[in-house]
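Peer 1: The structure file start_33.txt (compact mmCIF, N, CA and C atoms and all ligand atoms) is provided below.
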# COMPACT_ATOMS: atom_id res chain seq x y z
N MET Y 230 -1.06 -10.27 66.53
CA MET Y 230 -1.51 -11.52 67.13
C MET Y 230 -2.57 -12.16 66.25
N SER Y 231 -2.49 -13.46 66.15
CA SER Y 231 -3.39 -14.19 65.29
C SER Y 231 -4.85 -14.00 65.67
N SER Y 232 -5.14 -13.91 67.00
CA SER Y 232 -6.53 -13.82 67.44
C SER Y 232 -7.19 -12.52 67.00
N GLN Y 233 -6.39 -11.49 66.67
CA GLN Y 233 -6.97 -10.23 66.25
C GLN Y 233 -7.06 -10.09 64.74
N LYS Y 234 -6.59 -11.09 64.04
CA LYS Y 234 -6.70 -11.04 62.59
C LYS Y 234 -8.14 -11.28 62.16
N ARG Y 235 -8.50 -10.64 61.08
CA ARG Y 235 -9.79 -10.91 60.47
C ARG Y 235 -9.58 -12.05 59.47
N THR Y 236 -10.51 -13.00 59.45
CA THR Y 236 -10.29 -14.24 58.69
C THR Y 236 -11.31 -14.40 57.58
N PHE Y 237 -10.79 -14.71 56.39
CA PHE Y 237 -11.64 -15.15 55.28
C PHE Y 237 -11.75 -16.67 55.39
N HIS Y 238 -12.95 -17.17 55.53
CA HIS Y 238 -13.16 -18.61 55.64
C HIS Y 238 -13.59 -19.16 54.28
N VAL Y 239 -12.89 -20.18 53.82
CA VAL Y 239 -13.23 -20.85 52.57
C VAL Y 239 -13.74 -22.24 52.91
N CYS Y 240 -14.90 -22.61 52.40
CA CYS Y 240 -15.39 -23.97 52.62
C CYS Y 240 -14.54 -24.93 51.79
N THR Y 241 -13.82 -25.80 52.47
CA THR Y 241 -12.97 -26.76 51.76
C THR Y 241 -13.33 -28.20 52.12
N GLN Y 242 -14.43 -28.38 52.84
CA GLN Y 242 -14.70 -29.72 53.34
C GLN Y 242 -15.96 -30.37 52.79
N GLY Y 243 -16.85 -29.61 52.28
CA GLY Y 243 -18.11 -30.21 51.85
C GLY Y 243 -17.98 -30.94 50.53
N PRO Y 244 -18.39 -32.20 50.48
CA PRO Y 244 -18.23 -32.96 49.24
C PRO Y 244 -19.09 -32.44 48.10
N PHE Y 245 -20.17 -31.74 48.39
CA PHE Y 245 -21.05 -31.26 47.34
C PHE Y 245 -20.95 -29.76 47.13
N CYS Y 246 -19.96 -29.16 47.77
CA CYS Y 246 -19.90 -27.71 47.76
C CYS Y 246 -19.85 -27.13 46.34
N CYS Y 247 -19.08 -27.76 45.48
CA CYS Y 247 -18.91 -27.25 44.11
C CYS Y 247 -19.43 -28.24 43.08
N LYS Y 248 -20.16 -29.23 43.51
CA LYS Y 248 -20.47 -30.33 42.61
C LYS Y 248 -21.85 -30.26 41.97
N LEU Y 249 -22.74 -29.49 42.53
CA LEU Y 249 -24.06 -29.43 41.93
C LEU Y 249 -24.02 -28.64 40.64
N LYS Y 250 -24.96 -28.95 39.76
CA LYS Y 250 -25.00 -28.27 38.47
C LYS Y 250 -25.26 -26.78 38.68
N GLN Y 251 -24.45 -25.96 38.02
CA GLN Y 251 -24.61 -24.52 38.14
C GLN Y 251 -24.79 -23.94 36.75
N GLU Y 252 -25.79 -23.13 36.60
CA GLU Y 252 -26.03 -22.48 35.32
C GLU Y 252 -25.01 -21.37 35.13
N PRO Y 253 -24.39 -21.30 33.95
CA PRO Y 253 -23.46 -20.19 33.71
C PRO Y 253 -24.21 -18.87 33.66
N THR Y 254 -23.58 -17.84 34.09
CA THR Y 254 -24.12 -16.50 34.00
C THR Y 254 -23.10 -15.63 33.29
N LEU Y 255 -23.49 -14.42 32.95
CA LEU Y 255 -22.55 -13.52 32.29
C LEU Y 255 -21.35 -13.27 33.18
N GLU Y 256 -21.61 -13.14 34.48
CA GLU Y 256 -20.52 -12.85 35.40
C GLU Y 256 -19.69 -14.10 35.71
N ARG Y 257 -20.33 -15.27 35.67
CA ARG Y 257 -19.68 -16.53 36.04
C ARG Y 257 -19.82 -17.54 34.91
N PRO Y 258 -19.16 -17.33 33.77
CA PRO Y 258 -19.39 -18.20 32.62
C PRO Y 258 -18.69 -19.55 32.71
N ASN Y 259 -17.74 -19.71 33.59
CA ASN Y 259 -16.93 -20.93 33.62
C ASN Y 259 -17.29 -21.82 34.80
N PRO Y 260 -17.01 -23.09 34.68
CA PRO Y 260 -17.27 -23.99 35.82
C PRO Y 260 -16.46 -23.56 37.03
N PRO Y 261 -16.93 -23.91 38.21
CA PRO Y 261 -16.21 -23.50 39.42
C PRO Y 261 -14.86 -24.18 39.53
N THR Y 262 -13.95 -23.51 40.20
CA THR Y 262 -12.64 -24.07 40.48
C THR Y 262 -12.67 -24.76 41.84
N GLU Y 263 -11.59 -25.40 42.18
CA GLU Y 263 -11.53 -26.08 43.46
C GLU Y 263 -11.34 -25.07 44.59
N PRO Y 264 -11.97 -25.28 45.73
CA PRO Y 264 -11.86 -24.32 46.83
C PRO Y 264 -10.43 -24.15 47.34
N GLU Y 265 -9.63 -25.21 47.26
CA GLU Y 265 -8.24 -25.09 47.71
C GLU Y 265 -7.46 -24.07 46.87
N GLU Y 266 -7.83 -23.97 45.59
CA GLU Y 266 -7.18 -22.97 44.73
C GLU Y 266 -7.57 -21.56 45.16
N VAL Y 267 -8.83 -21.39 45.53
CA VAL Y 267 -9.29 -20.09 46.00
C VAL Y 267 -8.61 -19.73 47.32
N LEU Y 268 -8.51 -20.71 48.21
CA LEU Y 268 -7.84 -20.47 49.49
C LEU Y 268 -6.39 -20.05 49.26
N ALA Y 269 -5.67 -20.75 48.41
CA ALA Y 269 -4.27 -20.40 48.13
C ALA Y 269 -4.17 -19.01 47.50
N ALA Y 270 -5.11 -18.68 46.63
CA ALA Y 270 -5.08 -17.37 45.99
C ALA Y 270 -5.35 -16.24 47.00
N LEU Y 271 -6.26 -16.49 47.93
CA LEU Y 271 -6.53 -15.49 48.97
C LEU Y 271 -5.29 -15.29 49.85
N GLN Y 272 -4.66 -16.40 50.22
CA GLN Y 272 -3.45 -16.30 51.05
C GLN Y 272 -2.35 -15.54 50.32
N ALA Y 273 -2.21 -15.81 49.03
CA ALA Y 273 -1.19 -15.11 48.24
C ALA Y 273 -1.52 -13.63 48.11
N ALA Y 274 -2.80 -13.32 47.93
CA ALA Y 274 -3.20 -11.91 47.80
C ALA Y 274 -2.96 -11.15 49.10
N ILE Y 275 -3.22 -11.80 50.22
CA ILE Y 275 -2.96 -11.16 51.52
C ILE Y 275 -1.47 -10.84 51.65
N THR Y 276 -0.64 -11.78 51.27
CA THR Y 276 0.81 -11.57 51.33
C THR Y 276 1.23 -10.49 50.34
N ASP Y 277 0.73 -10.56 49.12
CA ASP Y 277 1.11 -9.58 48.09
C ASP Y 277 0.74 -8.16 48.49
N GLN Y 278 -0.41 -8.03 49.17
CA GLN Y 278 -0.88 -6.69 49.56
C GLN Y 278 -0.36 -6.29 50.95
N LYS Y 279 0.58 -7.10 51.47
CA LYS Y 279 1.24 -6.80 52.75
C LYS Y 279 0.23 -6.58 53.88
N LEU Y 280 -0.74 -7.51 53.95
CA LEU Y 280 -1.79 -7.40 54.96
C LEU Y 280 -1.78 -8.60 55.92
N SER Y 281 -0.65 -9.30 55.98
CA SER Y 281 -0.58 -10.51 56.80
C SER Y 281 -0.74 -10.24 58.29
N GLU Y 282 -0.49 -9.01 58.72
CA GLU Y 282 -0.67 -8.67 60.14
C GLU Y 282 -2.15 -8.51 60.48
N GLU Y 283 -2.95 -8.17 59.48
CA GLU Y 283 -4.37 -7.90 59.74
C GLU Y 283 -5.31 -9.00 59.28
N LEU Y 284 -4.93 -9.71 58.22
CA LEU Y 284 -5.84 -10.66 57.58
C LEU Y 284 -5.22 -12.04 57.48
N GLU Y 285 -6.10 -13.05 57.40
CA GLU Y 285 -5.66 -14.40 57.10
C GLU Y 285 -6.81 -15.10 56.36
N ALA Y 286 -6.47 -16.19 55.71
CA ALA Y 286 -7.48 -17.01 55.04
C ALA Y 286 -7.31 -18.44 55.52
N ALA Y 287 -8.43 -19.10 55.78
CA ALA Y 287 -8.37 -20.45 56.31
C ALA Y 287 -9.46 -21.31 55.68
N GLY Y 288 -9.15 -22.58 55.50
CA GLY Y 288 -10.14 -23.53 55.04
C GLY Y 288 -10.97 -24.01 56.21
N GLY Y 289 -12.18 -24.46 55.91
CA GLY Y 289 -13.03 -24.93 56.99
C GLY Y 289 -14.28 -25.60 56.44
N GLY Y 290 -15.26 -25.69 57.31
CA GLY Y 290 -16.46 -26.44 56.98
C GLY Y 290 -17.53 -25.63 56.27
N CYS Y 291 -18.71 -26.20 56.24
CA CYS Y 291 -19.85 -25.71 55.46
C CYS Y 291 -20.24 -24.28 55.84
N LEU Y 292 -20.51 -23.47 54.82
CA LEU Y 292 -20.94 -22.09 55.02
C LEU Y 292 -22.41 -21.89 54.66
N GLY Y 293 -23.10 -22.97 54.37
CA GLY Y 293 -24.53 -22.88 54.09
C GLY Y 293 -24.88 -22.50 52.67
N LEU Y 294 -23.92 -22.59 51.76
CA LEU Y 294 -24.20 -22.31 50.35
C LEU Y 294 -23.80 -23.51 49.48
N CYS Y 295 -24.05 -24.68 49.99
CA CYS Y 295 -23.63 -25.91 49.31
C CYS Y 295 -24.16 -25.93 47.87
N GLY Y 296 -23.28 -26.36 46.96
CA GLY Y 296 -23.64 -26.42 45.56
C GLY Y 296 -23.28 -25.18 44.79
N PHE Y 297 -22.93 -24.12 45.47
CA PHE Y 297 -22.60 -22.86 44.81
C PHE Y 297 -21.15 -22.48 45.01
N GLY Y 298 -20.32 -23.44 45.43
CA GLY Y 298 -18.92 -23.17 45.71
C GLY Y 298 -18.09 -22.91 44.48
N PRO Y 299 -16.87 -22.52 44.73
CA PRO Y 299 -16.26 -22.26 46.03
C PRO Y 299 -16.90 -21.07 46.75
N ASN Y 300 -17.12 -21.27 48.05
CA ASN Y 300 -17.77 -20.25 48.87
C ASN Y 300 -16.79 -19.67 49.88
N VAL Y 301 -16.93 -18.36 50.10
CA VAL Y 301 -16.02 -17.65 51.02
C VAL Y 301 -16.86 -16.80 51.96
N LEU Y 302 -16.57 -16.90 53.24
CA LEU Y 302 -17.20 -16.06 54.26
C LEU Y 302 -16.23 -14.92 54.57
N VAL Y 303 -16.71 -13.69 54.41
CA VAL Y 303 -15.85 -12.51 54.50
C VAL Y 303 -16.29 -11.63 55.66
N PRO Y 304 -15.40 -11.30 56.59
CA PRO Y 304 -15.78 -10.39 57.67
C PRO Y 304 -16.04 -8.99 57.10
N SER Y 305 -17.20 -8.43 57.47
CA SER Y 305 -17.54 -7.14 56.88
C SER Y 305 -17.76 -6.06 57.92
N GLY Y 306 -17.34 -6.33 59.15
CA GLY Y 306 -17.46 -5.32 60.19
C GLY Y 306 -18.22 -5.84 61.38
N GLY Y 307 -17.65 -5.69 62.58
CA GLY Y 307 -18.29 -6.17 63.78
C GLY Y 307 -18.52 -7.66 63.70
N ARG Y 308 -19.77 -8.07 63.93
CA ARG Y 308 -20.09 -9.49 63.86
C ARG Y 308 -20.73 -9.85 62.54
N ARG Y 309 -20.65 -8.96 61.56
CA ARG Y 309 -21.30 -9.20 60.28
C ARG Y 309 -20.34 -9.87 59.30
N PHE Y 310 -20.94 -10.71 58.46
CA PHE Y 310 -20.16 -11.39 57.43
C PHE Y 310 -20.92 -11.35 56.11
N LEU Y 311 -20.17 -11.38 55.03
CA LEU Y 311 -20.74 -11.57 53.70
C LEU Y 311 -20.41 -12.97 53.25
N ARG Y 312 -21.31 -13.55 52.48
CA ARG Y 312 -21.02 -14.84 51.86
C ARG Y 312 -20.88 -14.62 50.37
N TYR Y 313 -19.73 -14.97 49.85
CA TYR Y 313 -19.49 -14.90 48.40
C TYR Y 313 -19.53 -16.31 47.84
N ARG Y 314 -20.14 -16.45 46.67
CA ARG Y 314 -20.27 -17.76 46.06
C ARG Y 314 -19.62 -17.78 44.67
N GLN Y 315 -19.28 -19.00 44.22
CA GLN Y 315 -18.65 -19.23 42.93
C GLN Y 315 -17.41 -18.34 42.75
N VAL Y 316 -16.63 -18.28 43.80
CA VAL Y 316 -15.41 -17.47 43.78
C VAL Y 316 -14.33 -18.21 42.99
N THR Y 317 -13.55 -17.48 42.23
CA THR Y 317 -12.42 -18.06 41.51
C THR Y 317 -11.12 -17.46 42.05
N PRO Y 318 -9.99 -18.09 41.77
CA PRO Y 318 -8.72 -17.49 42.19
C PRO Y 318 -8.53 -16.08 41.64
N ALA Y 319 -9.09 -15.79 40.48
CA ALA Y 319 -8.96 -14.45 39.90
C ALA Y 319 -9.67 -13.38 40.72
N ASP Y 320 -10.61 -13.79 41.57
CA ASP Y 320 -11.34 -12.83 42.42
C ASP Y 320 -10.58 -12.49 43.70
N ALA Y 321 -9.55 -13.25 44.03
CA ALA Y 321 -8.93 -13.16 45.35
C ALA Y 321 -8.36 -11.77 45.65
N ALA Y 322 -7.59 -11.23 44.73
CA ALA Y 322 -6.96 -9.92 44.99
C ALA Y 322 -8.02 -8.85 45.23
N GLU Y 323 -9.10 -8.90 44.46
CA GLU Y 323 -10.17 -7.91 44.61
C GLU Y 323 -10.87 -8.06 45.96
N ILE Y 324 -11.11 -9.31 46.37
CA ILE Y 324 -11.75 -9.55 47.67
C ILE Y 324 -10.89 -8.97 48.79
N VAL Y 325 -9.60 -9.27 48.75
CA VAL Y 325 -8.70 -8.77 49.79
C VAL Y 325 -8.66 -7.24 49.77
N GLN Y 326 -8.59 -6.67 48.58
CA GLN Y 326 -8.54 -5.21 48.46
C GLN Y 326 -9.80 -4.56 49.02
N HIS Y 327 -10.97 -5.12 48.68
CA HIS Y 327 -12.24 -4.54 49.13
C HIS Y 327 -12.44 -4.68 50.64
N HIS Y 328 -11.89 -5.76 51.20
CA HIS Y 328 -12.18 -6.05 52.60
C HIS Y 328 -10.95 -5.96 53.49
N ALA Y 329 -9.97 -5.20 53.04
CA ALA Y 329 -8.77 -5.00 53.85
C ALA Y 329 -9.12 -4.31 55.16
N LYS Y 330 -10.13 -3.48 55.12
CA LYS Y 330 -10.59 -2.79 56.33
C LYS Y 330 -12.05 -3.16 56.57
N GLU Y 331 -12.47 -3.10 57.84
CA GLU Y 331 -13.85 -3.41 58.17
C GLU Y 331 -14.79 -2.48 57.43
N GLY Y 332 -15.92 -3.04 57.01
CA GLY Y 332 -16.91 -2.24 56.32
C GLY Y 332 -16.58 -1.98 54.87
N GLY Y 333 -15.69 -2.77 54.29
CA GLY Y 333 -15.32 -2.59 52.89
C GLY Y 333 -16.51 -2.78 51.96
N GLU Y 334 -16.36 -2.22 50.77
CA GLU Y 334 -17.45 -2.29 49.78
C GLU Y 334 -17.64 -3.72 49.30
N ARG Y 335 -18.87 -4.20 49.34
CA ARG Y 335 -19.11 -5.57 48.92
C ARG Y 335 -19.06 -5.68 47.39
N ILE Y 336 -18.76 -6.88 46.93
CA ILE Y 336 -18.63 -7.14 45.50
C ILE Y 336 -19.92 -7.81 45.05
N GLU Y 337 -20.75 -7.03 44.39
CA GLU Y 337 -22.12 -7.48 44.09
C GLU Y 337 -22.16 -8.77 43.28
N ARG Y 338 -21.26 -8.91 42.31
CA ARG Y 338 -21.36 -10.08 41.43
C ARG Y 338 -21.08 -11.40 42.16
N LEU Y 339 -20.47 -11.34 43.34
CA LEU Y 339 -20.15 -12.56 44.08
C LEU Y 339 -21.19 -12.91 45.13
N LEU Y 340 -22.17 -12.04 45.32
CA LEU Y 340 -23.21 -12.32 46.30
C LEU Y 340 -24.16 -13.37 45.74
N PRO Y 341 -24.80 -14.15 46.59
CA PRO Y 341 -25.80 -15.09 46.10
C PRO Y 341 -26.86 -14.34 45.30
N CYS Y 342 -27.17 -14.84 44.11
CA CYS Y 342 -28.12 -14.13 43.26
C CYS Y 342 -29.55 -14.43 43.68
N PRO Y 343 -30.50 -13.59 43.27
CA PRO Y 343 -31.89 -13.75 43.72
C PRO Y 343 -32.51 -15.09 43.35
N THR Y 344 -31.99 -15.75 42.30
CA THR Y 344 -32.57 -17.03 41.91
C THR Y 344 -31.99 -18.19 42.70
N ASP Y 345 -30.93 -17.95 43.46
CA ASP Y 345 -30.40 -19.00 44.32
C ASP Y 345 -31.42 -19.26 45.42
N LYS Y 346 -31.82 -20.50 45.58
CA LYS Y 346 -32.80 -20.81 46.63
C LYS Y 346 -32.21 -20.63 48.01
N ARG Y 347 -30.87 -20.64 48.08
CA ARG Y 347 -30.24 -20.55 49.38
C ARG Y 347 -29.73 -19.14 49.66
N ARG Y 348 -30.36 -18.16 49.04
CA ARG Y 348 -29.94 -16.78 49.26
C ARG Y 348 -29.99 -16.47 50.76
N LEU Y 349 -28.96 -15.83 51.25
CA LEU Y 349 -28.87 -15.51 52.66
C LEU Y 349 -28.76 -14.01 52.83
N PRO Y 350 -29.25 -13.47 53.95
CA PRO Y 350 -29.09 -12.04 54.18
C PRO Y 350 -27.63 -11.71 54.43
N ASP Y 351 -27.29 -10.45 54.24
CA ASP Y 351 -25.92 -9.99 54.49
C ASP Y 351 -25.57 -10.16 55.95
S1 LIG I 401 -20.42 -27.74 51.77
FE1 LIG I 401 -19.48 -25.84 51.19
S2 LIG I 401 -20.96 -24.36 51.79
FE2 LIG I 401 -21.85 -26.24 52.39
Would it be possible to restate this file's structure as structure tokens?
Peer 2:
Amino acid sequence: MSSQKRTFHVCTQGPFCCKLKQEPTLERPNPPTEPEEVLAALQAAITDQKLSEELEAAGGGCLGLCGFGPNVLVPSGGRRFLRYRQVTPADAAEIVQHHAKEGGERIERLLPCPTDKRRLPD
């Protein structure tokens, strides 16, 4: 049933989500991609890993990390969520693999870095 699926939320609506200047880092050397590409990649990864009964990915509104997109809200167990920033389509399979089950191991390089002014708790 859809209501029991765990959902990866991708911010696809904010006009400034991916538009602010972002400094390249070793982990994120390239400009951000469009959030719709990340959403499609997550949906494909869920299908590829045969997890469509348990997981889904959906586009939606602001996740509170504007300017650091594409941003993804990941269920991490119970009512807890992780926020991943500057996600690319290449990260999708790894995100799905890590979070196929509740309490999956978080991906450190995708967490908001300490210099981000909008760093949020896990
Ligand atoms: S507009 Fe995308 S996180 Fe705020």
Peer 1: What lies within 8 Å of Ala269 in chain Y using only N, CA and C atoms, ignoring chain neighbours under 6 positions off, as a short mmCIF file (atom, residue, chain, number, x, y, z; two decimals) with N, CA and C atoms, keeping the file's coordinate frame?
Peer 2:
data_model
loop_
_atom_site.label_atom_id
_atom_site.label_comp_id
_atom_site.auth_asym_id
_atom_site.auth_seq_id
_atom_site.Cartn_x
_atom_site.Cartn_y
_atom_site.Cartn_z
N ILE Y 275 -3.22 -11.80 50.22
CA ILE Y 275 -2.96 -11.16 51.52
C ILE Y 275 -1.47 -10.84 51.65
N ALA Y 286 -6.47 -16.19 55.71
CA ALA Y 286 -7.48 -17.01 55.04
C ALA Y 286 -7.31 -18.44 55.52
N PRO Y 318 -9.99 -18.09 41.77
CA PRO Y 318 -8.72 -17.49 42.19
C PRO Y 318 -8.53 -16.08 41.64
N ALA Y 321 -9.55 -13.25 44.03
CA ALA Y 321 -8.93 -13.16 45.35
C ALA Y 321 -8.36 -11.77 45.65
#
Peer 1: Which polymer residues have any atom within 8 Å of an atom of range 233-242 of chain Y, counting only N, CA and C atoms, with same-chain residues fewer than 3 positions away left out, as number ranges by chain?
Peer 2: Y: 230, 245-246, 263-265, 267-268, 281-293, 298-304
Peer 1: Take the residues from that selection and put them in a file with N, CA and C atoms, as a tab-separated table (two decimals), in the frame of the given file.
Peer 2:
chain	number	residue	atom	x	y	z
Y	230	MET	N	-1.06	-10.27	66.53
Y	230	MET	CA	-1.51	-11.52	67.13
Y	230	MET	C	-2.57	-12.16	66.25
Y	245	PHE	N	-20.17	-31.74	48.39
Y	245	PHE	CA	-21.05	-31.26	47.34
Y	245	PHE	C	-20.95	-29.76	47.13
Y	246	CYS	N	-19.96	-29.16	47.77
Y	246	CYS	CA	-19.90	-27.71	47.76
Y	246	CYS	C	-19.85	-27.13	46.34
Y	263	GLU	N	-11.59	-25.40	42.18
Y	263	GLU	CA	-11.53	-26.08	43.46
Y	263	GLU	C	-11.34	-25.07	44.59
Y	264	PRO	N	-11.97	-25.28	45.73
Y	264	PRO	CA	-11.86	-24.32	46.83
Y	264	PRO	C	-10.43	-24.15	47.34
Y	265	GLU	N	-9.63	-25.21	47.26
Y	265	GLU	CA	-8.24	-25.09	47.71
Y	265	GLU	C	-7.46	-24.07	46.87
Y	267	VAL	N	-8.83	-21.39	45.53
Y	267	VAL	CA	-9.29	-20.09	46.00
Y	267	VAL	C	-8.61	-19.73	47.32
Y	268	LEU	N	-8.51	-20.71	48.21
Y	268	LEU	CA	-7.84	-20.47	49.49
Y	268	LEU	C	-6.39	-20.05	49.26
Y	281	SER	N	-0.65	-9.30	55.98
Y	281	SER	CA	-0.58	-10.51	56.80
Y	281	SER	C	-0.74	-10.24	58.29
Y	282	GLU	N	-0.49	-9.01	58.72
Y	282	GLU	CA	-0.67	-8.67	60.14
Y	282	GLU	C	-2.15	-8.51	60.48
Y	283	GLU	N	-2.95	-8.17	59.48
Y	283	GLU	CA	-4.37	-7.90	59.74
Y	283	GLU	C	-5.31	-9.00	59.28
Y	284	LEU	N	-4.93	-9.71	58.22
Y	284	LEU	CA	-5.84	-10.66	57.58
Y	284	LEU	C	-5.22	-12.04	57.48
Y	285	GLU	N	-6.10	-13.05	57.40
Y	285	GLU	CA	-5.66	-14.40	57.10
Y	285	GLU	C	-6.81	-15.10	56.36
Y	286	ALA	N	-6.47	-16.19	55.71
Y	286	ALA	CA	-7.48	-17.01	55.04
Y	286	ALA	C	-7.31	-18.44	55.52
Y	287	ALA	N	-8.43	-19.10	55.78
Y	287	ALA	CA	-8.37	-20.45	56.31
Y	287	ALA	C	-9.46	-21.31	55.68
Y	288	GLY	N	-9.15	-22.58	55.50
Y	288	GLY	CA	-10.14	-23.53	55.04
Y	288	GLY	C	-10.97	-24.01	56.21
Y	289	GLY	N	-12.18	-24.46	55.91
Y	289	GLY	CA	-13.03	-24.93	56.99
Y	289	GLY	C	-14.28	-25.60	56.44
Y	290	GLY	N	-15.26	-25.69	57.31
Y	290	GLY	CA	-16.46	-26.44	56.98
Y	290	GLY	C	-17.53	-25.63	56.27
Y	291	CYS	N	-18.71	-26.20	56.24
Y	291	CYS	CA	-19.85	-25.71	55.46
Y	291	CYS	C	-20.24	-24.28	55.84
Y	292	LEU	N	-20.51	-23.47	54.82
Y	292	LEU	CA	-20.94	-22.09	55.02
Y	292	LEU	C	-22.41	-21.89	54.66
Y	293	GLY	N	-23.10	-22.97	54.37
Y	293	GLY	CA	-24.53	-22.88	54.09
Y	293	GLY	C	-24.88	-22.50	52.67
Y	298	GLY	N	-20.32	-23.44	45.43
Y	298	GLY	CA	-18.92	-23.17	45.71
Y	298	GLY	C	-18.09	-22.91	44.48
Y	299	PRO	N	-16.87	-22.52	44.73
Y	299	PRO	CA	-16.26	-22.26	46.03
Y	299	PRO	C	-16.90	-21.07	46.75
Y	300	ASN	N	-17.12	-21.27	48.05
Y	300	ASN	CA	-17.77	-20.25	48.87
Y	300	ASN	C	-16.79	-19.67	49.88
Y	301	VAL	N	-16.93	-18.36	50.10
Y	301	VAL	CA	-16.02	-17.65	51.02
Y	301	VAL	C	-16.86	-16.80	51.96
Y	302	LEU	N	-16.57	-16.90	53.24
Y	302	LEU	CA	-17.20	-16.06	54.26
Y	302	LEU	C	-16.23	-14.92	54.57
Y	303	VAL	N	-16.71	-13.69	54.41
Y	303	VAL	CA	-15.85	-12.51	54.50
Y	303	VAL	C	-16.29	-11.63	55.66
Y	304	PRO	N	-15.40	-11.30	56.59
Y	304	PRO	CA	-15.78	-10.39	57.67
Y	304	PRO	C	-16.04	-8.99	57.10
Peer 1: Could you pull out all residues of range 276-343 of chain Y with a DSSP call of helix (DSSP H, G or I) and give them as a list of chain:residue names?
Peer 2: Y:Thr276, Y:Asp277, Y:Pro318, Y:Ala319, Y:Asp320, Y:Ala321, Y:Ala322, Y:Glu323, Y:Ile324, Y:Val325, Y:Gln326, Y:His327, Y:Glu337, Y:Arg338, Y:Leu339
Peer 1: Smallest atom-to-atom distance to ligand LIG 401 (chain I): which of Y:Glu323, Y:Gln278, Y:Gln272, Y:Pro341, using only C-alpha atoms and all ligand atoms?
Peer 2: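 For ligand LIG 401 (chain I), the nearest of the candidates is Y:Pro341.
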Peer 1: Looking at only N, CA and C atoms and all ligand atoms, which of Y:Arg335, Y:Ile324, Y:Gln315, Y:Cys295 is the one that sits closest to ligand LIG 401 (chain I)?
Peer 2: Y:Cys295
Peer 1: Which residue gives the smallest distance to ligand LIG 401 (chain I) among Y:Leu311, Y:Leu280, Y:Ala270, Y:Leu294, with all atoms listed in the file counted?
Peer 2: Y:Leu294
